[in-house]
Amino acid sequence: MPLDLDALREIPFGQAQETVFYRAVHIPASGDPDPLFALPDRGRWPTPWTLYTGTSQAVAWAEYCRNNPHDVALSDVTGGVGLSVDSLPAYASLEVSRALPRRSLYELHFEFGALADLTSPWAEELLARAGFDLAGFYADAAAGYGGCPELAALVEELGWEAIRVPSAAWQRPDGFCVPVFEPGRERLQEAVRAVAAASPTVALAAATSYPQGERPGWLGS
């Protein structure tokens, strides 16, 4: 059954308390990275323009790892030995960069007027009433990302510029993503290239939650 729009319209939205969001951005062969470049109709929240951001640097790097598990697998810094609880401290600060392309890390300063926080208890209750399974926030691409694409198709009708949702990659109390949609693009106040070029650390790659069956073996369980 389609999602119930009446229930979704009850979800509060407005100005966001958070204004700084993070994004790992492709570094082109020439010229500067474009922090606002987004492939159309891609990912968990597909629209003609969805900019995926995180509420912390850790979320941004974890999402990068989760979306590129094959490259992380080819970037084993242990020489085939693999990580263990005892050996992790020795490798923790090293970058996972052998096969994982380096990225620029941007701080994006937005002042949203219509951000819907889908992580509040009231929003979760309304989502459930609307027929949205909250497990979809963590569903893999192989499962079609649950009901997220269907909800993304309604954001324009609902008047949402952006949404605050759990991060499937950084499943911790501070793990949140903020997908920004076309109406929210004009809310960008400033884009700061905080890190010119870097890769996630071994510690962060190990702490990332990967799609089922795709966790790189060298990272351990």
# chains A, B, ... in the order shown; residues from 1 in each chain; ligands from 1
$ select_by_dssp --residues "stretch 86-177 of chain A" --states "strand (DSSP E)" --output "PyMOL selection string"
chain A and resi 103-110+115-117+162-166+176-177
$ closest_atom_pairs --of "stretch 93-211 of chain A" --to "stretch 31-34 of chain A" --cutoff "10 Å" --atoms "only C-alpha atoms" --output "JSON lines"
{"residue": "A:Arg103", "atom": "CA", "partner": "A:Pro33", "partner_atom": "CA", "distance": 9.0}
{"residue": "A:Ser104", "atom": "CA", "partner": "A:Pro33", "partner_atom": "CA", "distance": 7.4}
{"residue": "A:Leu105", "atom": "CA", "partner": "A:Pro33", "partner_atom": "CA", "distance": 9.8}
{"residue": "A:Tyr106", "atom": "CA", "partner": "A:Pro33", "partner_atom": "CA", "distance": 9.6}
{"residue": "A:Ala191", "atom": "CA", "partner": "A:Asp34", "partner_atom": "CA", "distance": 9.7}
{"residue": "A:Arg193", "atom": "CA", "partner": "A:Pro33", "partner_atom": "CA", "distance": 9.0}
{"residue": "A:Ala196", "atom": "CA", "partner": "A:Pro33", "partner_atom": "CA", "distance": 9.4}
$ closest_residue --among "A:Phe176, A:Phe37, A:Tyr210, A:Tyr22" --to "A:Asp117" --atoms "only C-alpha atoms"
A:Phe176
$ closest_residue --among "A:Val180, A:Ala198, A:Leu8, A:Val72" --to "A:Pro48" --atoms "only C-alpha atoms"
A:Val180
$ closest_residue --among "A:Glu161, A:Asp41, A:Glu214, A:Glu107" --to "A:Pro179" --atoms "only C-alpha atoms"
A:Glu161
$ atom_distance --atom1 "atom CA of A:Arg187" --atom2 "atom CA of A:Ala162"
10.1 Å
$ select_by_dssp --residues "stretch 29-187 of chain A" --states "helix (DSSP H, G or I)" --output "PyMOL selection string"
chain A and resi 57-66+69-73+88-91+121-130+134-138+141-143+148-152+155-158+182-185
